[in-house]
Structure formats: C-alpha cells, structure tokens
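Student: Input structure: start-v8.tsv, which contains TSV, C-alpha atoms and all ligand atoms.
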```
chain	number	residue	atom	x	y	z
M	92	MET	CA	-6.22	21.95	-39.46
M	93	GLY	CA	-6.96	25.43	-38.21
M	94	ILE	CA	-9.71	24.17	-35.90
M	95	ILE	CA	-7.50	21.52	-34.35
M	96	LYS	CA	-4.77	24.08	-33.83
M	97	GLY	CA	-7.28	26.36	-32.21
M	98	ILE	CA	-8.52	23.65	-29.88
M	99	LYS	CA	-4.95	22.73	-29.03
M	100	ARG	CA	-4.32	26.33	-28.06
M	101	ILE	CA	-7.44	26.72	-25.97
M	102	LEU	CA	-7.34	23.32	-24.29
M	103	PRO	CA	-4.45	23.96	-21.88
M	104	THR	CA	-6.03	27.16	-20.51
M	105	TRP	CA	-9.31	25.31	-20.16
M	106	LEU	CA	-7.65	22.49	-18.26
M	107	LYS	CA	-5.85	24.99	-16.08
M	108	LYS	CA	-9.15	26.63	-15.20
M	109	ILE	CA	-10.69	23.31	-14.26
M	110	PHE	CA	-7.76	22.29	-12.16
M	111	ARG	CA	-7.43	25.63	-10.45
M	112	LYS	CA	-10.99	25.26	-9.26
M	113	LYS	CA	-10.36	21.77	-7.97
M	114	ALA	CA	-9.94	21.60	-4.22
M	115	ALA	CA	-6.71	20.28	-2.77
M	116	ARG	CA	-7.50	17.03	-0.97
M	117	ILE	CA	-5.51	17.03	2.23
M	118	GLY	CA	-5.26	14.10	4.63
M	119	ILE	CA	-4.62	14.58	8.32
M	120	TYR	CA	-2.33	11.76	9.42
M	121	GLY	CA	-0.49	10.75	12.54
M	122	PRO	CA	-0.30	8.27	15.41
M	123	PRO	CA	-3.37	7.70	17.60
M	124	ASN	CA	-4.12	10.54	20.02
M	125	ALA	CA	-1.88	13.11	18.31
M	126	GLY	CA	-4.86	15.46	17.93
M	127	LYS	CA	-5.91	14.87	14.31
M	128	THR	CA	-9.65	15.20	14.93
M	129	THR	CA	-9.13	18.14	17.29
M	130	LEU	CA	-7.25	19.91	14.50
M	131	ALA	CA	-9.78	18.93	11.82
M	132	ASN	CA	-12.57	20.28	14.04
M	133	ARG	CA	-10.68	23.53	14.56
M	134	ILE	CA	-9.98	24.08	10.87
M	135	ILE	CA	-13.57	23.34	9.93
M	136	ARG	CA	-14.97	25.45	12.76
M	137	ASP	CA	-12.72	28.38	11.81
M	138	TRP	CA	-13.57	28.29	8.10
M	139	SER	CA	-16.99	26.70	7.73
M	140	GLY	CA	-18.54	26.80	11.19
M	141	ASP	CA	-19.04	23.09	11.81
M	142	VAL	CA	-17.20	20.10	13.32
M	143	MET	CA	-15.70	16.90	11.98
M	144	GLY	CA	-16.10	14.27	14.65
M	145	PRO	CA	-15.68	13.20	18.27
M	146	VAL	CA	-12.39	13.50	20.18
M	147	SER	CA	-11.25	11.29	23.03
M	148	GLU	CA	-8.25	10.66	25.28
M	149	ILE	CA	-8.64	6.96	24.47
M	150	PRO	CA	-6.51	6.11	21.40
M	151	HIS	CA	-8.15	5.01	18.13
M	152	GLU	CA	-11.24	7.16	18.68
M	153	THR	CA	-11.46	7.75	14.95
M	154	ARG	CA	-11.85	4.39	13.22
M	155	ARG	CA	-13.36	5.50	9.92
M	156	ALA	CA	-11.94	8.26	7.76
M	157	ARG	CA	-14.16	11.32	7.46
M	158	ARG	CA	-14.11	13.82	4.65
M	159	ARG	CA	-15.28	17.40	4.55
M	160	GLU	CA	-15.41	19.09	1.17
M	161	GLY	CA	-14.98	22.68	0.13
M	162	VAL	CA	-13.35	24.23	3.18
M	163	VAL	CA	-12.06	27.60	1.99
M	164	VAL	CA	-9.00	28.88	3.85
M	165	ASN	CA	-7.86	32.50	3.45
M	166	ALA	CA	-4.48	33.59	4.67
M	167	ASN	CA	-2.00	36.24	3.59
M	168	GLY	CA	-4.16	37.15	0.62
M	169	ALA	CA	-4.02	33.59	-0.70
M	170	THR	CA	-7.12	31.44	-0.92
M	171	VAL	CA	-7.16	27.68	-1.03
M	172	THR	CA	-10.07	25.29	-1.16
M	173	LEU	CA	-9.52	22.08	0.78
M	174	ASP	CA	-11.13	18.68	0.97
M	175	ILE	CA	-10.11	17.62	4.45
M	176	VAL	CA	-9.81	13.95	5.33
M	177	ASP	CA	-9.49	13.10	9.03
M	178	THR	CA	-7.94	9.64	9.21
M	179	PRO	CA	-7.78	6.99	11.94
M	180	GLY	CA	-4.49	6.93	13.88
M	181	LEU	CA	-1.75	4.83	12.32
M	182	ALA	CA	-0.11	2.05	14.32
M	183	THR	CA	1.92	-1.13	13.77
M	184	LYS	CA	0.34	-2.83	16.78
M	185	ILE	CA	-3.06	-2.80	18.45
M	186	ASP	CA	-3.64	-4.59	21.74
M	187	PHE	CA	-7.16	-4.62	23.17
M	188	HIS	CA	-5.70	-4.75	26.71
M	189	ASP	CA	-4.60	-1.13	26.21
M	190	PHE	CA	-8.26	-0.10	25.90
M	191	MET	CA	-9.22	-2.08	29.01
M	192	ALA	CA	-6.70	0.07	30.89
M	193	PHE	CA	-9.05	2.98	30.05
M	194	GLY	CA	-11.92	1.14	31.69
M	195	LEU	CA	-13.51	-0.51	28.65
M	196	GLU	CA	-15.09	-3.94	29.12
M	197	GLU	CA	-13.25	-6.78	27.42
M	198	GLU	CA	-15.81	-7.23	24.68
M	199	GLU	CA	-15.94	-3.54	23.88
M	200	ALA	CA	-12.14	-3.32	23.96
M	201	LYS	CA	-11.89	-6.20	21.50
M	202	ARG	CA	-14.42	-4.58	19.20
M	203	ARG	CA	-12.53	-1.28	19.36
M	204	ALA	CA	-9.28	-3.10	18.54
M	205	LYS	CA	-10.85	-4.82	15.55
M	206	GLU	CA	-12.29	-1.55	14.24
M	207	ALA	CA	-8.95	0.16	14.88
M	208	THR	CA	-7.12	-2.35	12.66
M	209	GLU	CA	-9.64	-1.66	9.89
M	210	GLY	CA	-9.17	2.06	10.47
M	211	VAL	CA	-5.42	1.79	9.95
M	212	ILE	CA	-5.99	-0.01	6.65
M	213	GLU	CA	-8.43	2.68	5.55
M	214	ALA	CA	-5.98	5.45	6.44
M	215	ILE	CA	-3.27	3.74	4.37
M	216	LYS	CA	-5.62	3.31	1.41
M	217	TRP	CA	-6.45	7.02	1.45
M	218	LEU	CA	-2.78	7.84	0.78
M	219	ASP	CA	-3.43	7.02	-2.90
M	220	ASP	CA	-6.10	9.71	-3.24
M	221	LEU	CA	-4.51	12.77	-1.72
M	222	ASP	CA	-2.81	15.93	-2.94
M	223	GLY	CA	-0.91	16.48	0.29
M	224	ILE	CA	-0.93	15.74	3.97
M	225	LEU	CA	-0.70	17.29	7.39
M	226	LEU	CA	1.31	14.91	9.57
M	227	ILE	CA	0.46	15.69	13.15
M	228	MET	CA	2.60	14.64	16.11
M	229	ASP	CA	2.27	15.06	19.86
M	230	SER	CA	5.19	17.34	20.84
M	231	THR	CA	5.43	15.72	24.26
M	232	GLU	CA	6.32	12.37	22.69
M	233	ASP	CA	9.28	10.91	20.85
M	234	PRO	CA	8.76	11.90	17.20
M	235	PHE	CA	11.18	9.37	15.73
M	236	THR	CA	8.75	6.47	15.45
M	237	GLN	CA	8.29	4.02	12.61
M	238	VAL	CA	4.82	5.33	11.81
M	239	ASN	CA	6.13	8.87	11.38
M	240	VAL	CA	9.15	7.71	9.39
M	241	THR	CA	6.93	5.60	7.13
M	242	VAL	CA	4.46	8.42	6.44
M	243	VAL	CA	7.26	10.89	5.67
M	244	GLY	CA	8.94	8.29	3.42
M	245	ASN	CA	5.70	7.70	1.53
M	246	MET	CA	5.17	11.40	0.90
M	247	GLU	CA	8.76	11.77	-0.30
M	248	ALA	CA	8.43	8.77	-2.62
M	249	ARG	CA	5.19	10.15	-4.06
M	250	GLU	CA	6.63	13.67	-4.18
M	251	LEU	CA	3.55	15.08	-2.47
M	252	PRO	CA	3.60	18.17	-0.22
M	253	LEU	CA	3.82	17.51	3.50
M	254	LEU	CA	3.48	19.83	6.47
M	255	ILE	CA	4.50	18.48	9.86
M	256	ILE	CA	2.50	19.81	12.79
M	257	ALA	CA	4.01	19.76	16.25
M	258	ASN	CA	0.81	19.70	18.32
M	259	LYS	CA	0.07	20.17	22.05
M	260	ILE	CA	2.57	23.00	22.58
M	261	ASP	CA	0.33	24.19	25.43
M	262	LEU	CA	1.72	21.35	27.55
M	263	PRO	CA	4.83	22.18	29.61
M	264	GLU	CA	6.80	19.12	28.45
M	265	ALA	CA	6.22	19.86	24.75
M	266	SER	CA	9.33	19.99	22.58
M	267	PRO	CA	8.63	21.00	18.97
M	268	ALA	CA	12.41	21.40	18.55
M	269	ARG	CA	12.79	17.65	18.91
M	270	ILE	CA	10.39	17.16	15.98
M	271	LYS	CA	12.34	19.67	13.87
M	272	GLY	CA	15.50	17.76	14.73
M	273	ALA	CA	14.00	14.44	13.66
M	274	PHE	CA	12.67	15.70	10.30
M	275	PRO	CA	14.93	18.61	9.31
M	276	GLN	CA	14.05	18.33	5.62
M	277	HIS	CA	10.38	19.30	6.14
M	278	PRO	CA	8.57	22.37	7.47
M	279	VAL	CA	7.41	21.94	11.08
M	280	ILE	CA	4.67	24.15	12.53
M	281	PRO	CA	4.20	24.16	16.31
M	282	ILE	CA	0.57	24.63	17.38
M	283	SER	CA	-1.97	23.79	20.01
M	284	ALA	CA	-5.03	22.44	18.23
M	285	LEU	CA	-6.87	22.46	21.55
M	286	GLU	CA	-6.09	26.05	22.58
M	287	GLY	CA	-5.69	27.47	19.09
M	288	PHE	CA	-2.13	28.71	19.67
M	289	ASN	CA	-0.33	29.57	16.44
M	290	VAL	CA	-3.07	28.26	14.15
M	291	ASP	CA	-2.88	31.44	12.06
M	292	LYS	CA	0.70	30.42	11.19
M	293	LEU	CA	-0.65	27.04	10.17
M	294	TYR	CA	-3.27	28.59	7.88
M	295	GLU	CA	-0.57	30.70	6.21
M	296	ALA	CA	1.53	27.59	5.66
M	297	ILE	CA	-1.49	25.69	4.30
M	298	ALA	CA	-2.31	28.51	1.85
M	299	ASN	CA	1.31	28.68	0.69
M	300	HIS	CA	1.87	24.95	0.52
M	301	PHE	CA	-1.34	23.58	-0.93
M	302	GLY	CA	-2.65	26.62	-2.80
T	71	MET	CA	21.63	-40.07	34.11
T	72	ALA	CA	24.12	-37.40	33.10
T	73	LYS	CA	22.92	-37.65	29.57
T	74	ARG	CA	19.36	-36.99	30.56
T	75	THR	CA	20.16	-33.80	32.48
T	76	LYS	CA	22.14	-32.59	29.54
T	77	ARG	CA	19.23	-33.07	27.20
T	78	LYS	CA	16.97	-31.31	29.63
T	79	THR	CA	19.17	-28.22	29.79
T	80	LYS	CA	19.43	-28.19	26.06
T	81	ARG	CA	15.68	-28.15	25.64
T	82	LYS	CA	15.35	-25.47	28.27
T	83	THR	CA	17.75	-23.12	26.50
T	84	LYS	CA	15.83	-23.56	23.29
T	85	VAL	CA	12.56	-22.58	24.93
T	86	GLN	CA	14.10	-19.50	26.50
T	87	GLY	CA	15.88	-18.22	23.44
T	88	VAL	CA	14.71	-15.85	20.76
T	89	GLN	CA	15.38	-16.83	17.17
T	90	ILE	CA	16.91	-14.18	14.97
T	91	ASP	CA	16.80	-14.51	11.19
T	92	MET	CA	19.19	-12.34	9.23
T	93	ILE	CA	18.39	-11.98	5.56
T	94	SER	CA	20.98	-10.84	3.09
T	95	GLU	CA	20.61	-7.99	0.65
T	96	ASP	CA	21.22	-10.37	-2.26
T	97	PHE	CA	18.37	-12.62	-1.23
T	98	ILE	CA	16.00	-9.71	-0.58
T	99	SER	CA	16.73	-8.23	-3.99
T	100	THR	CA	15.42	-11.40	-5.69
T	101	MET	CA	12.06	-11.13	-3.92
T	102	THR	CA	8.87	-9.33	-4.81
T	103	SER	CA	7.26	-7.02	-2.24
T	104	MET	CA	4.67	-9.61	-1.25
T	105	GLU	CA	7.32	-12.29	-0.81
T	106	LYS	CA	9.31	-10.04	1.49
T	107	ILE	CA	6.24	-9.17	3.52
T	108	ASN	CA	5.14	-12.79	3.84
T	109	LEU	CA	8.62	-13.85	4.88
T	110	ILE	CA	8.72	-11.16	7.57
T	111	LEU	CA	5.24	-11.85	8.93
T	112	GLU	CA	5.69	-15.62	8.98
T	113	GLY	CA	8.84	-15.27	11.05
T	114	VAL	CA	7.45	-12.61	13.36
T	115	LYS	CA	4.24	-14.52	14.04
T	116	GLN	CA	6.37	-17.45	15.21
T	117	GLY	CA	8.06	-15.11	17.68
T	118	ASN	CA	11.24	-14.55	15.70
T	119	ILE	CA	13.15	-11.35	15.12
T	120	VAL	CA	13.72	-10.75	11.42
T	121	ILE	CA	16.63	-8.58	10.33
T	122	LEU	CA	16.89	-7.40	6.73
T	123	GLU	CA	20.27	-6.19	5.52
T	124	ARG	CA	18.39	-3.81	3.25
T	125	GLY	CA	14.92	-2.93	4.37
T	126	LEU	CA	11.65	-2.08	2.75
T	127	THR	CA	10.68	0.89	0.65
T	128	PRO	CA	8.16	3.29	2.24
T	129	GLU	CA	5.42	1.74	0.08
T	130	GLU	CA	6.39	-1.75	1.19
T	131	GLU	CA	6.36	-0.57	4.79
T	132	THR	CA	2.78	0.63	4.47
T	133	LYS	CA	1.86	-2.66	2.79
T	134	LEU	CA	3.47	-4.53	5.68
T	135	ILE	CA	1.49	-2.46	8.19
T	136	GLU	CA	-1.71	-3.07	6.21
T	137	ILE	CA	-1.25	-6.84	6.16
T	138	THR	CA	-0.17	-6.88	9.80
T	139	MET	CA	-3.53	-5.27	10.65
T	140	THR	CA	-5.41	-8.11	8.98
T	141	GLU	CA	-3.41	-10.66	11.00
T	142	ILE	CA	-3.94	-9.14	14.44
T	143	ALA	CA	-5.99	-11.45	16.66
T	144	PRO	CA	-6.83	-10.98	20.35
T	145	ASP	CA	-4.58	-12.97	22.73
T	146	ASP	CA	-2.60	-14.29	19.77
T	147	PHE	CA	-0.92	-11.60	17.69
T	148	VAL	CA	-0.91	-7.92	18.64
T	149	GLY	CA	1.17	-6.65	15.75
T	150	ILE	CA	4.73	-5.77	14.95
T	151	GLU	CA	7.48	-3.46	16.01
T	152	ILE	CA	9.64	-2.18	13.15
T	153	GLU	CA	12.92	-0.41	13.52
T	154	SER	CA	14.64	1.11	10.54
T	155	TYR	CA	16.57	4.17	9.57
T	156	PRO	CA	14.80	6.55	7.19
T	157	SER	CA	15.57	5.56	3.59
T	158	ARG	CA	18.13	7.65	1.79
T	159	GLN	CA	17.77	9.25	-1.60
T	160	LYS	CA	20.46	7.95	-3.88
T	161	PHE	CA	21.72	10.32	-6.52
T	162	SER	CA	23.18	8.29	-9.32
T	163	LEU	CA	24.21	9.98	-12.53
T	164	LEU	CA	21.99	7.71	-14.59
T	165	GLY	CA	19.07	8.31	-12.26
T	166	ARG	CA	19.57	12.05	-12.56
T	167	LEU	CA	19.68	11.87	-16.34
T	168	LEU	CA	16.44	9.92	-16.38
T	169	GLY	CA	14.97	12.27	-13.81
T	170	LYS	CA	14.37	9.36	-11.48
T	171	LYS	CA	15.04	9.31	-7.79
T	172	ALA	CA	16.41	6.06	-6.42
T	173	ILE	CA	15.55	5.29	-2.86
T	174	GLU	CA	18.09	3.42	-0.82
T	175	THR	CA	16.51	1.43	1.96
T	176	ARG	CA	18.47	0.53	5.06
T	177	LEU	CA	18.88	-2.06	7.77
T	178	THR	CA	15.49	-3.01	9.17
T	179	VAL	CA	14.54	-5.07	12.20
T	180	VAL	CA	11.02	-6.44	12.63
T	181	GLY	CA	9.71	-8.35	15.63
T	182	PRO	CA	6.51	-9.21	17.48
T	183	ALA	CA	5.21	-6.11	19.26
T	184	ASP	CA	4.90	-7.98	22.56
T	185	GLN	CA	8.57	-9.05	22.45
T	186	LEU	CA	10.50	-6.27	20.73
T	187	ARG	CA	10.44	-2.88	22.38
T	188	THR	CA	12.21	0.23	21.19
T	189	LEU	CA	14.17	1.91	23.95
T	190	ARG	CA	15.66	4.75	22.02
T	191	ARG	CA	15.70	5.83	18.41
T	192	ASP	CA	17.87	8.34	16.75
T	193	HIS	CA	19.29	9.09	13.33
T	194	ASP	CA	22.28	6.85	13.96
T	195	LEU	CA	21.39	4.62	16.87
T	196	ILE	CA	18.44	2.37	17.53
T	197	SER	CA	18.33	0.68	20.89
T	198	ALA	CA	15.82	-2.09	21.50
T	199	LEU	CA	14.93	-4.68	24.08
T	200	VAL	CA	14.00	-8.23	23.11
T	201	SER	CA	12.12	-10.37	25.58
T	202	VAL	CA	11.33	-14.06	25.59
T	203	ARG	CA	7.74	-14.89	24.81
T	204	SER	CA	5.95	-15.85	28.00
T	205	GLN	CA	4.84	-19.49	27.93
T	206	GLY	CA	1.04	-19.56	27.80
L	1	LIG	N1	-3.18	19.56	25.75
L	1	LIG	C1	-3.59	19.33	24.51
L	1	LIG	N2	-4.37	18.25	24.26
L	1	LIG	C2	-4.79	18.04	23.00
L	1	LIG	C3	-4.43	18.91	21.92
L	1	LIG	N3	-4.98	18.43	20.80
L	1	LIG	C4	-5.67	17.30	21.14
L	1	LIG	N4	-5.56	17.08	22.47
L	1	LIG	C5	-6.16	15.98	23.25
L	1	LIG	O1	-5.59	14.75	22.82
L	1	LIG	C6	-6.57	13.71	22.85
L	1	LIG	C7	-6.70	13.06	21.51
L	1	LIG	O2	-7.24	13.99	20.60
L	1	LIG	P1	-7.93	13.55	19.25
L	1	LIG	O3	-8.18	14.77	18.43
L	1	LIG	O4	-9.06	12.61	19.50
L	1	LIG	O5	-6.72	12.72	18.60
L	1	LIG	P2	-6.70	11.89	17.25
L	1	LIG	O6	-5.35	12.09	16.67
L	1	LIG	O7	-7.86	12.24	16.39
L	1	LIG	O8	-6.81	10.41	17.81
L	1	LIG	P3	-7.40	9.06	17.12
L	1	LIG	O9	-8.64	9.42	16.39
L	1	LIG	O10	-7.62	8.18	18.28
L	1	LIG	O11	-6.31	8.57	16.21
L	1	LIG	C8	-7.87	14.35	23.34
L	1	LIG	O12	-7.96	14.16	24.72
L	1	LIG	C9	-7.64	15.83	23.00
L	1	LIG	O13	-8.38	16.70	23.83
L	1	LIG	C10	-3.58	20.04	22.23
L	1	LIG	O14	-3.21	20.85	21.37
L	1	LIG	N5	-3.21	20.19	23.54
L	2	MG	MG	-9.36	11.15	15.65
```
Mind turning this structure into structure tokens?
Tutor:
Amino acid sequence: MGIIKGIKRILPTWLKKIFRKKAARIGIYGPPNAGKTTLANRIIRDWSGDVMGPVSEIPHETRRARRREGVVVNANGATVTLDIVDTPGLATKIDFHDFMAFGLEEEEAKRRAKEATEGVIEAIKWLDDLDGILLIMDSTEDPFTQVNVTVVGNMEARELPLLIIANKIDLPEASPARIKGAFPQHPVIPISALEGFNVDKLYEAIANHFG
Amino acid sequence: MAKRTKRKTKRKTKVQGVQIDMISEDFISTMTSMEKINLILEGVKQGNIVILERGLTPEEETKLIEITMTEIAPDDFVGIEIESYPSRQKFSLLGRLLGKKAIETRLTVVGPADQLRTLRRDHDLISALVSVRSQG
C-alpha cells in the first residue's frame, strides 16, 4: 500500500521531467516558394551552425520532408529544444507545365510534378506527429488561400500551437498587415528569412510559444 | 431540316456548358468522409463544379487534398481548386458542458483547377471564374 502510494506520488514528477526534456517537434508549413527551407536553414544556421536543404525560385523544390533534431533556441532567458521539420510546399493542384515555364524539359517537369504530389502527401501525414507549426506565407501574395485556411483550420481542430510568419518583408510590395487581417485570431510575425530581418522577434515568439 | 438545326444547337450548348452539382446539407450529413471526398472528386474529374451547402471539416479538407494528389496525371487532371469560408467554432451549451468544441463548416465550392479560378477571396466574398473545358 505504502509503496504504491509512494510510486504514485513520484511518478508524475518523473513524467514531468521526461516530458520537459522532450524536444518540441515543430513543422514548417506553407505554400510552395513561401521560404520554408530558407527559414529552416536560417534557424539551424543561427542555433546549430548547419543547413537544412537546397532553396530555389522554382516551386516544389522541397519534395521530401527533412527533420533536424535537437536545435536549441535561446531567447529572452527561455530555452526551447526543437525538432524542426521542413515540409514540401502544400498545394491543391500541380501542373507540370508550370515547371516547363522555368525552363525544365518536359520529362524532368513531369518527374518534378510527380514528386511534388508525393511531397504534399508527406507534408499532410506529418501533421499527425507534430507539437506545433510555423505557417509561413509570402507577404507579397494574397494570404487568403485554401491551403492557408486548411492548415490553420487543422491546427485549430487539433488545438496545437501555431505561429504565422509573414515572410519576404524585404520586398517593397510586402504587406504583412494583409496577413494579420486574414488571420486575426493568430499571432503573425513579419520577417525576412533571406535577409534575417526581425528573426530575433521570431525566436522570442518560438521560445514563448513552444517552450 | 428545321428539326436538325435545332438538335445541333442543343448539342452545342451542352458541350459548351459547365455542369454544377449542388449538394444539400441533409445529404452531406448522411455521408462518411470518404463518401464525400469520392463524390467531390468524381464530379470534379468529369469537369463539374461541385457545391456543398455545408463543406468539409479541416481534416476532411486535408484528406481531399491528399487523395487529389494521388489522382493527378499529366495532361489529364491537374488538381482541384477549393473555395470555402473558414469554418466557425460553434459554442453550444451542451458542447461547452462536455468541453467539446463543435466546428461548423460552411459553403464550399470545388472544381477542376484548370477550369475554376479564384479571382478574389475575402472573409465574406469569394469571387471565381469558371471556364469551359477546352475540347482536346
Ligand atoms: N526576397 C526574399 N526572398 C526570399 C525570402 N525567403 C525566401 N526567398 C526566396 O524565395 C524562393 C523560395 O524559397 P524556398 O526557401 O526554397 O521556399 P520553400 O517554401 O522552401 O519552397 P518549396 O520547397 O518549393 O515549397 C527562393 O528564391 C528564396 O531565395 C525572403 O525573406 N525575401
Ligand atoms: Mg523548401
């Protein structure tokens, strides 16, 4: 009796310790070309001195999810350990002709399209294994798209933390305010993943949100 | 003679039109997620616009995107365009007592990506352009 009681008392603190150590697994989501890999590379370079993967102006550059474990982010005195998952861009349509417009040969464009469809499926499957997400949007584009609405809806339904990132604020036509207007119920952080503008604000938000 | 021309025009209008299927909330509520998704994709792959009085939950939307990806084929099917308003959270007394959040889905339009194009989207207005499928 006494032993069981003792175990019952100790167990919760034990569990807490285990779970506190566990890294928060954060997925980077968004439409193709929003800057997901650029951001993943920046976070990893800033906190563990490495890179995630290649970046390209051609959409659907990332076609397999990539994971980097144990990235420790320090901000505002808070420390959080992240498992970062860079996902392929989400889309409801993929037309190989769009890749040919970038100069790809037909065969290569078709292969890229096929891999891109598989990438979308992989990104969706990853949603089941995450503790939170960074949803990244290109601030020069219309934020109110079905892909964005669907990702936000999924996070709300799962009650998982979500940070929206308004990327590419270095560009003159960027409008992070439009993103805030489209998703007023969620925090929106304007940054330039390419230039590094405002990323310290992002790290603070990450430490507060996922820590 | 007159009859023949009439028939000709009739056939012509059919070829140029776009079929729109409107599905009632009552009917949707009897279906499972997979049935809804199959119904949508079957219609859309034939070049129809499918309108659901009540749309899909966020999870069903991701499932629809997932299955759409498996159906994409070069020169045949490039995917879908979906238009819907963000789902609303419904606060019923019972739901609150049970600590459950009910999600209220809203009007949803799905069409072939090469025929349905979003012109403008807002919280309260979605404007889209439907084009006739070009004859091979
Ligand atoms: N001006 C500007 N360009 C950016 C920024 N971030 C990314 N880019 C550019 O946007 C393009 C796409 O960047 P990626 O990081 O490959 O985008 P992604 O979201 O990973 O794209 P996919 O993997 O194709 O889904 C590249 O040309 C980047 O250099 C930014 O903050 N400012
Ligand atoms: Mg990428």
Student: With a distance cut-off of 9 Å and only C-alpha atoms, select the neighbouring residues of M:Lys292, excluding the residue or stretch itself and same-chain residues fewer than 5 positions from it, and output the selection as an MDAnalysis selection string.
Tutor: chainID M and resid 166 280:282 297
Student: Let's have the selection written as a PDB file, in the coordinates of the input, with C-alpha atoms.
Tutor:
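New file part28.pdb:
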```pdb
ATOM      1  CA  ALA M 166      -4.480  33.590   4.670  1.00  0.00           C
ATOM      2  CA  ILE M 280       4.670  24.150  12.530  1.00  0.00           C
ATOM      3  CA  PRO M 281       4.200  24.160  16.310  1.00  0.00           C
ATOM      4  CA  ILE M 282       0.570  24.630  17.380  1.00  0.00           C
ATOM      5  CA  ILE M 297      -1.490  25.690   4.300  1.00  0.00           C
TER       6      ILE M 297
END
```
Student: Residues within 12 Å of (3.2, -13.6, 4.8), file coordinates, counting only C-alpha atoms: what are they? Give the list as a PDB file with C-alpha atoms, in the frame of the given file.
Tutor:
```
ATOM      1  CA  THR T 102       8.870  -9.330  -4.810  1.00  0.00           C
ATOM      2  CA  SER T 103       7.260  -7.020  -2.240  1.00  0.00           C
ATOM      3  CA  MET T 104       4.670  -9.610  -1.250  1.00  0.00           C
ATOM      4  CA  GLU T 105       7.320 -12.290  -0.810  1.00  0.00           C
ATOM      5  CA  LYS T 106       9.310 -10.040   1.490  1.00  0.00           C
ATOM      6  CA  ILE T 107       6.240  -9.170   3.520  1.00  0.00           C
ATOM      7  CA  ASN T 108       5.140 -12.790   3.840  1.00  0.00           C
ATOM      8  CA  LEU T 109       8.620 -13.850   4.880  1.00  0.00           C
ATOM      9  CA  ILE T 110       8.720 -11.160   7.570  1.00  0.00           C
ATOM     10  CA  LEU T 111       5.240 -11.850   8.930  1.00  0.00           C
ATOM     11  CA  GLU T 112       5.690 -15.620   8.980  1.00  0.00           C
ATOM     12  CA  GLY T 113       8.840 -15.270  11.050  1.00  0.00           C
ATOM     13  CA  VAL T 114       7.450 -12.610  13.360  1.00  0.00           C
ATOM     14  CA  LYS T 115       4.240 -14.520  14.040  1.00  0.00           C
ATOM     15  CA  GLN T 116       6.370 -17.450  15.210  1.00  0.00           C
ATOM     16  CA  LYS T 133       1.860  -2.660   2.790  1.00  0.00           C
ATOM     17  CA  LEU T 134       3.470  -4.530   5.680  1.00  0.00           C
ATOM     18  CA  ILE T 135       1.490  -2.460   8.190  1.00  0.00           C
ATOM     19  CA  GLU T 136      -1.710  -3.070   6.210  1.00  0.00           C
ATOM     20  CA  ILE T 137      -1.250  -6.840   6.160  1.00  0.00           C
ATOM     21  CA  THR T 138      -0.170  -6.880   9.800  1.00  0.00           C
ATOM     22  CA  THR T 140      -5.410  -8.110   8.980  1.00  0.00           C
ATOM     23  CA  GLU T 141      -3.410 -10.660  11.000  1.00  0.00           C
TER      24      GLU T 141
END
```
Student: Select, as a PyMOL selection string, those residues of chain M with any atom no more than 7 Å from chain T (distances computed using only C-alpha atoms).
Tutor: chain M and resi 183-187+208+212+215+235+237+240-241+244-245
Student: Which residues are near ligand MG 2 (chain L) in this structure, taking near to mean any atom at most 8 Å from a ligand atom and counting all atoms listed in the file? Format them as a ChimeraX atom specification.
Tutor: /M:123-124,126-129,144-147,151-154,177-180
Student: Would you compute the distance between atom CA of M:Tyr294 and atom CA of M:Arg249? Give it in Å to one decimal.
Tutor: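 Atom CA of M:Arg249 lies 23.5 Å from atom CA of M:Tyr294.
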Student: For the atom pair atom O8 of ligand LIG 1 (chain L) and atom CA of M:Gly121, what is the interatomic distance in Å to one decimal place?
Tutor: 8.2 Å
Student: Atom CA of M:Ala204 and atom CA of M:Lys216 are how many Å apart?
Tutor: 18.7 Å
Student: For a quick check of your reading of the model, name the residues lying within 10 Å of the coordinate (-9.3, 25.8, 9.7), counting only C-alpha atoms, and write them as a list in words.
Tutor: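 Applying the cut-off with only C-alpha atoms, one gets Leu130, Ala131, Asn132, Arg133, Ile134, Ile135, Arg136, Asp137, Trp138, Ser139, Gly140, Val162, Val163, Val164, Asn165, Leu173, Ile175, Val290, Asp291, Leu293, Tyr294 and Ile297 of chain M.
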Student: Box for ligand LIG 1 (chain L) - axis-aligned, 8 Å on each of the six sides, all listed atoms - centre and size in Å to one decimal, as lines of an AutoDock Vina configuration file.
Tutor:
```
center_x = -6.1
center_y = 14.5
center_z = 21.0
size_x = 21.9
size_y = 28.7
size_z = 25.5
```
Student: May I have the residues within 6 Å of stretch 84-99 of chain T as an mmCIF file with C-alpha atoms, keeping the file's coordinate frame, using all atoms listed in the file and disregarding those fewer than 3 positions away in the same chain?
Tutor:
```cif
data_model
loop_
_atom_site.group_PDB
_atom_site.id
_atom_site.type_symbol
_atom_site.label_atom_id
_atom_site.label_comp_id
_atom_site.auth_asym_id
_atom_site.auth_seq_id
_atom_site.Cartn_x
_atom_site.Cartn_y
_atom_site.Cartn_z
ATOM 1 C CA ARG T 81 15.680 -28.150 25.640
ATOM 2 C CA ASN T 118 11.240 -14.550 15.700
ATOM 3 C CA ILE T 119 13.150 -11.350 15.120
ATOM 4 C CA VAL T 120 13.720 -10.750 11.420
ATOM 5 C CA ILE T 121 16.630 -8.580 10.330
ATOM 6 C CA LEU T 122 16.890 -7.400 6.730
ATOM 7 C CA GLU T 123 20.270 -6.190 5.520
ATOM 8 C CA ARG T 124 18.390 -3.810 3.250
#
```
Student: Could you check which of M:Ala115, M:Leu254, M:Ile149, M:Val211 is closest to M:Glu295, using only C-alpha atoms?
Tutor: M:Leu254
